[in-house]
$ cat work16.txt   # compact mmCIF, C-alpha atoms and all ligand atoms
# COMPACT_ATOMS: atom_id res chain seq x y z
CA MET A 1 9.00 8.56 -14.67
CA THR A 2 6.83 11.49 -15.76
CA SER A 3 6.17 14.41 -13.44
CA ILE A 4 3.02 13.60 -11.51
CA ARG A 5 1.37 16.64 -9.94
CA HIS A 6 -1.81 15.33 -8.38
CA HIS A 7 -1.25 12.81 -5.58
CA ILE A 8 -3.16 10.77 -3.01
CA SER A 9 -4.17 12.83 0.05
CA ASP A 10 -2.71 12.00 3.48
CA ASP A 11 -6.08 10.90 4.83
CA MET A 12 -6.67 8.59 1.90
CA LEU A 13 -3.17 7.11 2.18
CA ASP A 14 -3.72 6.54 5.92
CA ALA A 15 -6.96 4.71 5.17
CA TYR A 16 -5.16 2.60 2.54
CA ARG A 17 -2.41 1.77 5.00
CA ASP A 18 -4.76 0.64 7.72
CA GLY A 19 -6.88 -1.32 5.25
CA SER A 20 -10.11 0.60 5.83
CA VAL A 21 -10.56 1.85 2.22
CA PRO A 22 -13.29 0.28 0.09
CA HIS A 23 -12.09 -2.10 -2.62
CA GLY A 24 -12.23 0.36 -5.55
CA PHE A 25 -10.25 3.07 -3.77
CA GLY A 26 -7.66 0.45 -2.85
CA VAL A 27 -7.20 -0.43 -6.53
CA VAL A 28 -6.84 3.24 -7.58
CA ILE A 29 -4.34 3.92 -4.80
CA ALA A 30 -2.31 0.78 -5.57
CA ALA A 31 -2.26 1.80 -9.26
CA HIS A 32 -1.10 5.31 -8.37
CA LEU A 33 1.65 3.93 -6.11
CA SER A 34 2.80 1.82 -9.06
CA LEU A 35 3.29 4.96 -11.13
CA CYS A 36 4.33 7.52 -8.50
CA ASP A 37 7.73 7.17 -6.92
CA GLN A 38 6.99 10.04 -4.53
CA CYS A 39 3.94 8.43 -2.90
CA ARG A 40 5.67 5.04 -3.00
CA ALA A 41 8.54 6.57 -1.02
CA ARG A 42 6.02 8.06 1.47
CA GLN A 43 4.66 4.55 1.98
CA GLU A 44 8.09 3.02 2.39
CA ALA A 45 9.10 5.67 4.92
CA GLN A 46 6.09 4.65 7.02
CA ASP A 47 7.21 1.02 6.85
CA MET A 48 10.57 2.12 8.25
CA VAL A 49 8.81 3.44 11.35
CA GLY A 50 6.93 0.15 11.63
CA GLY A 51 10.19 -1.72 11.13
CA ALA A 52 11.79 0.21 13.97
CA PHE A 53 8.97 -0.91 16.28
CA LEU A 54 9.33 -4.48 15.04
CA GLN A 55 13.07 -4.41 15.66
CA ARG A 56 12.55 -3.15 19.25
CA ALA A 57 9.71 -5.55 20.05
CA GLU A 58 10.00 -8.22 22.67
CA GLY A 59 9.42 -11.58 21.01
CA ALA A 60 6.64 -14.03 21.85
CA SER A 61 7.53 -17.71 21.93
CA LEU A 62 6.49 -19.86 18.99
CA ARG A 63 5.24 -23.43 18.87
CA PRO A 64 8.18 -25.80 19.50
CA ASP A 65 8.06 -27.24 15.96
CA ALA A 66 7.70 -23.84 14.27
CA ARG A 67 11.22 -23.66 12.86
CA GLU A 68 11.18 -27.21 11.56
CA ARG A 69 7.82 -26.68 9.82
CA MET A 70 9.08 -23.41 8.39
CA MET A 71 12.19 -24.93 6.83
CA ALA A 72 10.13 -27.79 5.37
CA ALA A 73 7.67 -25.31 3.83
CA LEU A 74 10.44 -23.65 1.80
CA ASP A 75 10.44 -26.57 -0.64
CA LEU A 76 6.70 -26.55 -1.33
CA PRO A 77 5.71 -25.23 -4.77
CA GLN A 78 4.84 -21.53 -4.88
CA PRO A 79 1.22 -20.53 -5.55
CA SER A 80 0.85 -19.15 -9.07
CA PRO A 81 1.61 -15.42 -9.14
CA PRO A 82 -1.17 -12.87 -9.83
CA PRO A 83 -1.32 -11.06 -13.22
CA ARG A 84 1.48 -8.57 -13.89
CA ALA A 85 1.35 -5.04 -15.26
CA SER A 86 0.61 -4.91 -18.99
CA GLY A 87 0.62 -1.92 -21.36
CA VAL A 88 -0.78 1.12 -19.58
CA PHE A 89 -2.40 -1.02 -16.87
CA PRO A 90 -0.62 -1.58 -13.53
CA ALA A 91 -0.83 -5.04 -11.97
CA ALA A 92 -3.66 -4.04 -9.62
CA VAL A 93 -5.81 -3.15 -12.67
CA MET A 94 -4.80 -6.27 -14.63
CA ARG A 95 -5.93 -8.28 -11.65
CA GLU A 96 -9.38 -6.64 -11.79
CA LEU A 97 -9.44 -7.37 -15.52
CA GLY A 98 -8.71 -11.04 -14.83
CA GLY A 99 -5.42 -10.73 -16.73
CA ARG A 100 -7.19 -9.92 -20.04
CA PRO A 101 -7.41 -6.68 -22.05
CA PRO A 102 -10.51 -4.53 -21.34
CA ARG A 103 -13.84 -5.50 -22.91
CA TRP A 104 -15.29 -2.06 -23.56
CA ARG A 105 -18.97 -1.17 -23.69
CA MET A 106 -20.04 1.78 -25.82
CA LEU A 107 -21.61 4.62 -23.87
CA GLY A 108 -22.29 6.89 -26.88
CA GLY A 109 -20.18 9.69 -28.39
CA GLY A 110 -17.20 7.35 -28.73
CA ILE A 111 -16.94 7.01 -24.97
CA ARG A 112 -16.49 3.50 -23.66
CA GLN A 113 -16.38 1.96 -20.23
CA GLN A 114 -15.89 -1.30 -18.44
CA ILE A 115 -17.30 -1.73 -14.97
CA LEU A 116 -14.81 -3.72 -12.90
CA SER A 117 -16.89 -3.93 -9.77
CA ALA A 118 -20.02 -2.36 -8.33
CA ASP A 119 -21.70 -3.02 -5.03
CA SER A 120 -22.85 -1.24 -1.89
CA ASP A 121 -19.22 -0.26 -1.15
CA GLY A 122 -19.08 1.75 -4.38
CA SER A 123 -17.95 1.21 -7.94
CA LEU A 124 -14.77 0.81 -9.95
CA ARG A 125 -14.61 1.29 -13.71
CA LEU A 126 -12.32 1.99 -16.62
CA LEU A 127 -13.24 4.83 -18.96
CA TYR A 128 -12.07 5.46 -22.51
CA ILE A 129 -12.61 9.00 -23.79
CA PRO A 130 -11.58 10.08 -27.32
CA PRO A 131 -9.67 13.40 -27.61
CA GLY A 132 -11.88 16.45 -27.15
CA LYS A 133 -14.83 14.45 -25.79
CA ALA A 134 -16.32 15.01 -22.37
CA VAL A 135 -17.51 12.50 -19.82
CA PRO A 136 -21.17 13.18 -19.11
CA GLU A 137 -21.45 15.68 -16.27
CA HIS A 138 -22.02 13.94 -12.99
CA GLY A 139 -22.06 14.55 -9.29
CA HIS A 140 -21.39 12.11 -6.49
CA HIS A 141 -23.11 10.98 -3.38
CA GLY A 142 -19.71 10.03 -2.02
CA ARG A 143 -16.14 10.67 -3.05
CA GLU A 144 -14.59 9.79 -6.38
CA LEU A 145 -10.94 9.04 -7.20
CA THR A 146 -9.94 9.19 -10.87
CA LEU A 147 -6.50 8.09 -12.05
CA VAL A 148 -5.24 8.80 -15.58
CA LEU A 149 -3.60 5.77 -17.23
CA GLN A 150 -3.22 7.15 -20.75
CA GLY A 151 -3.70 10.55 -22.42
CA SER A 152 -5.07 13.37 -20.29
CA PHE A 153 -8.22 15.18 -19.20
CA SER A 154 -8.97 18.55 -17.70
CA ASP A 155 -11.81 20.03 -15.70
CA SER A 156 -12.40 22.87 -13.25
CA ALA A 157 -9.76 21.38 -10.89
CA GLY A 158 -6.94 21.47 -13.43
CA SER A 159 -5.36 19.18 -16.00
CA PHE A 160 -4.48 15.56 -15.31
CA HIS A 161 -1.94 13.34 -17.05
CA ARG A 162 -0.74 9.74 -16.67
CA GLY A 163 -0.34 8.97 -12.98
CA ASP A 164 -2.30 12.02 -11.76
CA VAL A 165 -5.25 11.40 -9.43
CA GLU A 166 -8.24 13.67 -9.07
CA THR A 167 -10.07 13.51 -5.75
CA ALA A 168 -13.63 14.82 -5.93
CA ASN A 169 -16.03 15.01 -3.03
CA ALA A 170 -19.81 15.02 -2.87
CA GLU A 171 -20.16 18.74 -3.63
CA VAL A 172 -18.22 18.73 -6.88
CA ASP A 173 -20.07 18.65 -10.18
CA HIS A 174 -17.45 18.22 -12.82
CA GLN A 175 -17.22 17.51 -16.51
CA PRO A 176 -13.83 16.10 -17.44
CA LEU A 177 -12.76 16.86 -21.04
CA ALA A 178 -10.19 14.59 -22.72
CA GLY A 179 -7.07 16.37 -24.02
CA ASP A 180 -5.47 16.15 -27.47
CA GLY A 181 -3.25 13.19 -28.20
CA PRO A 182 -4.06 9.56 -27.48
CA PRO A 183 -7.52 8.72 -26.14
CA CYS A 184 -7.80 9.24 -22.38
CA ILE A 185 -8.03 6.02 -20.41
CA CYS A 186 -8.75 6.44 -16.72
CA LEU A 187 -9.64 4.37 -13.70
CA ALA A 188 -12.43 5.81 -11.57
CA ALA A 189 -13.65 4.63 -8.18
CA THR A 190 -16.49 5.89 -6.00
CA ASP A 191 -17.55 4.96 -2.51
CA ALA A 192 -21.23 5.45 -3.45
CA PRO A 193 -23.18 5.05 -6.70
CA LEU A 194 -22.74 7.92 -9.20
CA ARG A 195 -25.62 10.14 -10.25
CA PHE A 196 -25.66 11.41 -13.80
CA HIS A 197 -27.40 14.62 -14.87
CA ALA A 198 -27.83 13.67 -18.49
CA LEU A 199 -27.55 10.76 -20.88
CA VAL A 200 -28.93 8.17 -18.49
CA PRO A 201 -31.94 8.98 -16.34
CA ARG A 202 -31.31 8.38 -12.67
CA LEU A 203 -34.04 5.78 -12.52
CA LEU A 204 -31.95 3.54 -14.72
CA GLN A 205 -28.85 3.94 -12.64
CA PRO A 206 -29.24 0.72 -10.67
CA ILE A 207 -29.72 -1.20 -13.90
CA PHE A 208 -26.78 0.30 -15.75
CA ARG A 209 -24.67 0.39 -12.63
CA ILE A 210 -22.91 3.61 -13.50
CA MET B 1 28.76 -3.94 2.81
CA ASP B 2 29.94 -4.08 6.42
CA ASP B 3 27.59 -1.26 7.34
CA LEU B 4 24.48 -3.32 6.72
CA SER B 5 22.55 -4.66 9.69
CA PRO B 6 23.06 -8.43 10.14
CA GLN B 7 19.41 -8.96 9.14
CA SER B 8 19.74 -6.99 5.91
CA ARG B 9 22.89 -8.96 5.09
CA ASP B 10 21.05 -12.24 5.68
CA LEU B 11 18.14 -11.10 3.54
CA ILE B 12 20.52 -10.29 0.69
CA ALA B 13 22.06 -13.77 1.05
CA VAL B 14 18.56 -15.26 0.75
CA ARG B 15 17.87 -13.03 -2.25
CA ASP B 16 21.10 -13.76 -4.12
CA SER B 17 21.83 -17.37 -3.24
CA ARG B 18 18.72 -18.85 -1.59
CA ASP B 19 20.83 -19.26 1.54
CA ARG B 20 18.82 -21.44 3.94
CA ALA B 21 21.10 -20.86 6.93
CA ALA B 22 20.68 -17.10 6.49
CA PHE B 23 16.92 -17.60 6.25
CA GLY B 24 17.02 -19.65 9.45
CA ARG B 25 18.72 -16.75 11.22
CA LEU B 26 16.09 -14.33 9.89
CA PHE B 27 13.40 -16.65 11.17
CA ASP B 28 14.99 -16.85 14.62
CA HIS B 29 15.23 -13.08 14.78
CA PHE B 30 11.92 -11.97 13.28
CA ALA B 31 9.41 -14.78 13.85
CA PRO B 32 9.02 -14.17 17.63
CA ARG B 33 8.79 -10.41 17.04
CA LEU B 34 6.22 -10.91 14.28
CA LYS B 35 4.24 -13.14 16.58
CA SER B 36 4.10 -10.47 19.23
CA MET B 37 2.99 -7.98 16.53
CA MET B 38 0.16 -10.36 15.54
CA LEU B 39 -0.84 -10.97 19.17
CA ARG B 40 -0.96 -7.24 19.86
CA GLY B 41 -3.08 -6.88 16.75
CA GLY B 42 -5.66 -9.16 18.35
CA LEU B 43 -4.91 -12.57 16.81
CA ARG B 44 -5.22 -15.67 18.99
CA ASP B 45 -2.13 -17.67 19.87
CA GLY B 46 -2.55 -20.52 17.38
CA SER B 47 -3.53 -18.39 14.40
CA ALA B 48 -0.72 -15.93 15.16
CA ASP B 49 1.77 -18.80 14.64
CA ASP B 50 0.18 -19.61 11.28
CA VAL B 51 0.27 -15.99 10.11
CA VAL B 52 3.93 -15.71 11.11
CA GLN B 53 4.64 -18.80 8.95
CA ASP B 54 2.81 -17.18 6.02
CA VAL B 55 4.73 -13.95 6.41
CA MET B 56 8.13 -15.64 6.63
CA LEU B 57 7.31 -17.85 3.63
CA ALA B 58 6.46 -14.68 1.69
CA VAL B 59 9.85 -13.27 2.77
CA TRP B 60 11.52 -16.36 1.26
CA HIS B 61 9.60 -16.10 -2.02
CA LYS B 62 9.70 -12.32 -2.42
CA ALA B 63 13.32 -11.83 -1.38
CA GLY B 64 14.18 -11.03 -5.02
CA GLN B 65 12.47 -7.68 -4.54
CA PHE B 66 14.41 -6.62 -1.46
CA ASP B 67 16.36 -3.47 -2.28
CA PRO B 68 18.68 -2.19 0.48
CA HIS B 69 18.69 1.24 -1.21
CA ARG B 70 15.01 1.60 -0.30
CA ALA B 71 14.52 -0.34 2.94
CA ASP B 72 16.22 -2.24 5.72
CA ALA B 73 15.22 -5.82 6.45
CA ALA B 74 13.01 -4.90 9.44
CA GLY B 75 11.03 -2.27 7.50
CA TRP B 76 10.65 -4.50 4.47
CA ILE B 77 9.47 -7.50 6.49
CA TYR B 78 7.18 -5.27 8.53
CA GLY B 79 5.53 -4.15 5.26
CA ILE B 80 4.79 -7.76 4.29
CA ALA B 81 3.44 -8.55 7.76
CA ARG B 82 1.24 -5.43 7.80
CA ASN B 83 -0.37 -6.40 4.48
CA ARG B 84 -0.99 -9.94 5.60
CA ARG B 85 -2.69 -8.75 8.77
CA ILE B 86 -4.87 -6.28 6.90
CA ASP B 87 -6.08 -8.94 4.47
CA LEU B 88 -7.17 -11.17 7.35
CA ALA B 89 -9.64 -8.48 8.35
CA ARG B 90 -10.94 -7.66 4.85
CA ARG B 91 -13.61 -9.22 2.69
CA ARG B 92 -11.42 -8.79 -0.41
CA PRO B 93 -7.62 -8.49 -0.28
CA LEU B 94 -6.28 -4.95 -0.44
CA ALA B 95 -4.90 -4.15 -3.92
CA GLN B 96 -1.10 -3.96 -4.03
CA PRO B 97 1.24 -1.77 -6.08
CA ASP B 98 3.37 -3.34 -8.83
CA ASP B 99 6.39 -5.29 -7.67
CA MET B 100 9.56 -3.27 -7.78
CA PRO B 101 11.75 -4.37 -10.68
CA GLU B 102 14.17 -7.14 -9.66
CA ILE B 103 17.49 -5.54 -9.00
CA GLU B 104 20.05 -8.24 -9.82
CA SER B 105 21.55 -6.22 -12.66
CA MET B 106 21.93 -3.04 -10.64
CA GLU B 107 25.30 -2.03 -9.21
CA PRO B 108 24.78 -1.35 -5.47
CA ASP B 109 25.39 2.26 -4.41
CA ALA B 110 27.26 1.91 -1.12
CA ALA B 111 26.79 5.55 -0.11
CA GLN B 112 23.03 5.39 -0.48
CA ILE B 113 22.78 2.10 1.39
CA LEU B 114 24.91 3.51 4.19
CA ALA B 115 22.76 6.64 4.39
CA LEU B 116 19.64 4.52 4.71
CA GLN B 117 21.17 2.39 7.47
CA GLN B 118 22.10 5.53 9.32
CA GLU B 119 18.58 6.90 9.01
CA VAL B 120 17.21 3.66 10.44
CA ARG B 121 19.54 3.97 13.44
CA HIS B 122 18.55 7.59 13.98
CA LEU B 123 14.89 6.71 13.71
CA SER B 124 15.27 4.12 16.42
CA GLU B 125 17.07 6.56 18.74
CA ALA B 126 14.41 9.20 18.10
CA LEU B 127 11.64 6.73 18.93
CA ALA B 128 13.27 6.05 22.27
CA ARG B 129 13.14 9.76 23.11
CA LEU B 130 9.43 10.29 22.42
CA PRO B 131 7.08 11.19 25.28
CA LEU B 132 5.06 8.15 26.33
CA GLU B 133 1.68 9.28 25.02
CA GLN B 134 3.04 9.94 21.54
CA ALA B 135 5.12 6.78 21.50
CA GLU B 136 1.98 4.83 22.43
CA ALA B 137 -0.10 6.47 19.72
CA LEU B 138 2.54 5.63 17.11
CA ARG B 139 2.89 2.12 18.41
CA ALA B 140 -0.86 1.51 18.24
CA ALA B 141 -0.90 2.74 14.66
CA TYR B 142 2.27 1.05 13.44
CA PHE B 143 3.00 -1.99 15.52
CA ASP B 144 -0.43 -3.07 16.68
CA ASP B 145 -1.66 -2.11 13.21
CA THR B 146 -5.02 -1.14 14.54
CA PRO B 147 -7.07 0.97 12.13
CA GLN B 148 -7.41 4.50 13.47
CA SER B 149 -11.18 4.06 13.64
CA ARG B 150 -10.77 1.06 15.93
CA ILE B 151 -8.28 2.85 18.20
CA SER B 152 -10.96 5.51 18.47
CA GLU B 153 -13.61 2.95 19.46
CA ALA B 154 -11.34 1.24 21.96
CA THR B 155 -10.20 4.41 23.70
CA GLY B 156 -13.43 6.42 23.38
CA LEU B 157 -11.39 9.29 21.91
CA PRO B 158 -12.72 11.00 18.76
CA LEU B 159 -11.06 9.98 15.48
CA GLY B 160 -9.73 13.53 15.08
CA THR B 161 -7.90 13.26 18.39
CA ILE B 162 -6.33 9.94 17.39
CA LYS B 163 -5.25 11.40 14.05
CA SER B 164 -3.72 14.45 15.68
CA ARG B 165 -1.91 12.34 18.29
CA ILE B 166 -0.37 10.23 15.56
CA ARG B 167 0.51 13.35 13.56
CA LEU B 168 1.98 14.97 16.68
CA GLY B 169 3.98 11.83 17.35
CA LEU B 170 5.34 11.87 13.80
CA GLU B 171 6.05 15.60 14.01
CA ARG B 172 7.91 15.11 17.27
CA LEU B 173 9.78 12.19 15.69
CA ARG B 174 10.92 14.47 12.87
CA HIS B 175 12.02 17.03 15.42
CA GLU B 176 14.06 14.46 17.35
CA LEU B 177 15.55 13.22 14.08
CA ARG B 178 16.70 16.73 13.23
CA LYS B 179 18.43 16.96 16.60
CA ILE B 180 20.22 13.66 16.07
CA ALA B 181 20.99 14.18 12.39
CA PRO B 182 20.83 17.88 11.58
ZN ZN C 301 1.80 10.36 -5.83

$ encode --input "work16.txt" --output "structure tokens" --more "lines below"
Ligand SMILES: [Zn+2]
Amino acid sequence: MTSIRHHISDDMLDAYRDGSVPHGFGVVIAAHLSLCDQCRARQEAQDMVGGAFLQRAEGASLRPDARERMMAALDLPQPSPPPRASGVFPAAVMRELGGRPPRWRMLGGGIRQQILSADSDGSLRLLYIPPGKAVPEHGHHGRELTLVLQGSFSDSAGSFHRGDVETANAEVDHQPLAGDGPPCICLAATDAPLRFHALVPRLLQPIFRI
Amino acid sequence: MDDLSPQSRDLIAVRDSRDRAAFGRLFDHFAPRLKSMMLRGGLRDGSADDVVQDVMLAVWHKAGQFDPHRADAAGWIYGIARNRRIDLARRRPLAQPDDMPEIESMEPDAAQILALQQEVRHLSEALARLPLEQAEALRAAYFDDTPQSRISEATGLPLGTIKSRIRLGLERLRHELRKIAP
């Protein structure tokens, strides 16, 4: 496991735990937890507290045939398992990709992207940035979480490698620059549509969904 | 592995040899507790029974991932139940981290397993010592599994107050833990 330096914030992890995060943030956080033993351990420690409450709980009585039905259900065939991790992509990302490799769209300058989902809750996309190239400068209406899956990028907040997450809020205007080495592949989620300063006029944003 | 809780031992028997009797004991122990967790989370009686079935079936199928170095049976089963409950309330299921690698090939580390069991015992003692208000805040967040925003709506307290009560509760829990296990 590499040394991850940029983690999920407490507030964001709380929101993931209680299920109130929008879909895209959930995928980024699940992908980070797949790569980061430290945050995974934070999660598991919380489950221990929950487990202690469960252990101390007074039981409620079940339907009389509950045990019988349970034992009979053990022999039923299992539903087919969801896609597994593949290459640099954790299982949560493979699931968004429908179990297939990415189908990139060219954005210009060698930069590619695939939008995984976009709706009123925000957007989720994969970005592919060749070494030394920059993602077009953009600001956010909402927050943005960006997780590095391959290579690295850097911006005013520091440098980010595989497993690192950058959390940017509405005030930040940033221009991530891909590092040397393999192309940077990252997973980016917003909880509001992005607004770009260049490359694509804002009027077209709803059409291009970026 | 005499230091394991009976439930963790049963879960390992399910994991390693698909032991149905052990699973039956786990069901007898956890199913009524899970049902009360689901009822406190706001599910109606009939659907709570169905969700408990789902959760215990997932325990049977996912037992291969249970690792006593990382969790005890109660914490591990709680995690499955928490996810199931969350997905009932969501439009799309919450994304999940990769499965932990199956651990059949790994030699168990008795010292680490023992340390974890001890921590679980200490945690339970520390919970019993918490002041009521903090114990309630933690219970609402962990056992009732109510999102913090909904606790805030239900109690009329601002979200910040809820957050700080939960944090205080956890802080106090750490403090108690240090007293029990310095
Ligand atoms: Zn982390």

$ closest_atom_pairs --input "work16.txt" --of "chain A" --to "chain B" --cutoff "8 Å" --atoms "all atoms listed in the file" --output "tab-separated table"
residue	atom	partner	partner_atom	distance
A:Ala15	CA	B:Pro147	CA	7.9
A:Asp18	CA	B:Pro147	CA	5.0
A:Gly19	CA	B:Ile86	CA	5.6
A:Ser20	CA	B:Pro147	CA	7.0
A:His23	CA	B:Leu94	CA	6.8
A:Gly26	CA	B:Ala95	CA	5.5
A:Val27	CA	B:Ala95	CA	5.1
A:Ala30	CA	B:Pro97	CA	4.4
A:Ala31	CA	B:Pro97	CA	5.9
A:His32	CA	B:Pro97	CA	7.8
A:Leu33	CA	B:Pro97	CA	5.7
A:Ser34	CA	B:Pro97	CA	4.9
A:Glu44	CA	B:Ala71	CA	7.3
A:Asp47	CA	B:Gly75	CA	5.1
A:Met48	CA	B:Gly75	CA	4.5
A:Val49	CA	B:Gly75	CA	7.2
A:Gly50	CA	B:Tyr142	CA	5.1
A:Gly51	CA	B:Gly75	CA	3.8
A:Ala52	CA	B:Ser124	CA	5.8
A:Phe53	CA	B:Phe143	CA	6.1
A:Leu54	CA	B:Arg33	CA	6.3
A:Gln55	CA	B:Ala74	CA	6.2
A:Ala57	CA	B:Arg33	CA	5.8
A:Glu58	CA	B:Arg33	CA	6.2
A:Gly59	CA	B:Arg33	CA	4.2
A:Ala60	CA	B:Pro32	CA	4.8
A:Ser61	CA	B:Pro32	CA	5.8
A:Leu62	CA	B:Pro32	CA	6.4
A:Arg63	CA	B:Asp49	CA	7.2
A:Ala66	CA	B:Asp49	CA	7.8
A:Arg67	CA	B:Phe27	CA	7.5
A:Met70	CA	B:Gln53	CA	6.4
A:Met71	CA	B:Gly24	CA	7.6
A:Ala73	CA	B:Leu57	CA	7.5
A:Leu74	CA	B:Leu57	CA	6.8
A:Gln78	CA	B:His61	CA	7.8
A:Arg84	CA	B:Asp98	CA	7.5
A:Ala85	CA	B:Asp98	CA	7.0
A:Pro90	CA	B:Asp98	CA	6.4
A:Ala91	CA	B:Asp98	CA	5.5
A:Ala92	CA	B:Ala95	CA	5.8

$ residues_near_ligand --input "work16.txt" --ligand "ligand ZN 301 (chain C)" --cutoff "9 Å" --atoms "only C-alpha atoms and all ligand atoms" --output "list in words"
Ile4, Arg5, His6, His7, Ile8, Ser9, Ile29, His32, Leu33, Leu35, Cys36, Asp37, Gln38, Cys39, Arg40, Arg42, Gly163, Asp164 and Val165 of chain A

$ atom_distance --input "work16.txt" --atom1 "atom CA of A:Asn169" --atom2 "atom CA of A:Thr190"
9.6 Å

$ atom_distance --input "work16.txt" --atom1 "atom CA of A:Pro182" --atom2 "atom CA of A:Ile115"
21.4 Å

$ residues_around --input "work16.txt" --residues "stretch 5-11 of chain B" --least-positions-apart "2" --cutoff "7 Å" --atoms "all atoms listed in the file" --output "VMD selection string"
chain B and resid 3 13 to 15 22 to 23 26 63 72 to 73

$ write_last_selection --input "work16.txt" --atoms "C-alpha atoms" --output "short mmCIF file (atom, residue, chain, number, x, y, z; two decimals), in the frame of the given file"
data_model
loop_
_atom_site.label_atom_id
_atom_site.label_comp_id
_atom_site.auth_asym_id
_atom_site.auth_seq_id
_atom_site.Cartn_x
_atom_site.Cartn_y
_atom_site.Cartn_z
CA ASP B 3 27.59 -1.26 7.34
CA ALA B 13 22.06 -13.77 1.05
CA VAL B 14 18.56 -15.26 0.75
CA ARG B 15 17.87 -13.03 -2.25
CA ALA B 22 20.68 -17.10 6.49
CA PHE B 23 16.92 -17.60 6.25
CA LEU B 26 16.09 -14.33 9.89
CA ALA B 63 13.32 -11.83 -1.38
CA ASP B 72 16.22 -2.24 5.72
CA ALA B 73 15.22 -5.82 6.45
#

$ atom_distance --input "work16.txt" --atom1 "atom CA of A:Phe153" --atom2 "atom CA of A:Gly87"
19.4 Å

$ residues_near_point --input "work16.txt" --point "(-8.0, 9.8, -19.5)" --cutoff "6 Å" --atoms "only C-alpha atoms" --output "list in words"
Val148, Gln150, Gly151, Ser152, Phe153, Cys184, Ile185 and Cys186 of chain A

$ write_last_selection --input "work16.txt" --atoms "C-alpha atoms" --output "short mmCIF file (atom, residue, chain, number, x, y, z; two decimals), keeping the file's coordinate frame"
data_model
loop_
_atom_site.label_atom_id
_atom_site.label_comp_id
_atom_site.auth_asym_id
_atom_site.auth_seq_id
_atom_site.Cartn_x
_atom_site.Cartn_y
_atom_site.Cartn_z
CA VAL A 148 -5.24 8.80 -15.58
CA GLN A 150 -3.22 7.15 -20.75
CA GLY A 151 -3.70 10.55 -22.42
CA SER A 152 -5.07 13.37 -20.29
CA PHE A 153 -8.22 15.18 -19.20
CA CYS A 184 -7.80 9.24 -22.38
CA ILE A 185 -8.03 6.02 -20.41
CA CYS A 186 -8.75 6.44 -16.72
#

$ residues_near_point --input "work16.txt" --point "(-11.8, 6.0, -12.4)" --cutoff "10 Å" --atoms "only C-alpha atoms" --output "JSON, numbers by chain"
{"A": [24, 25, 27, 28, 113, 115, 123, 124, 125, 126, 127, 144, 145, 146, 147, 148, 149, 165, 166, 185, 186, 187, 188, 189, 190]}
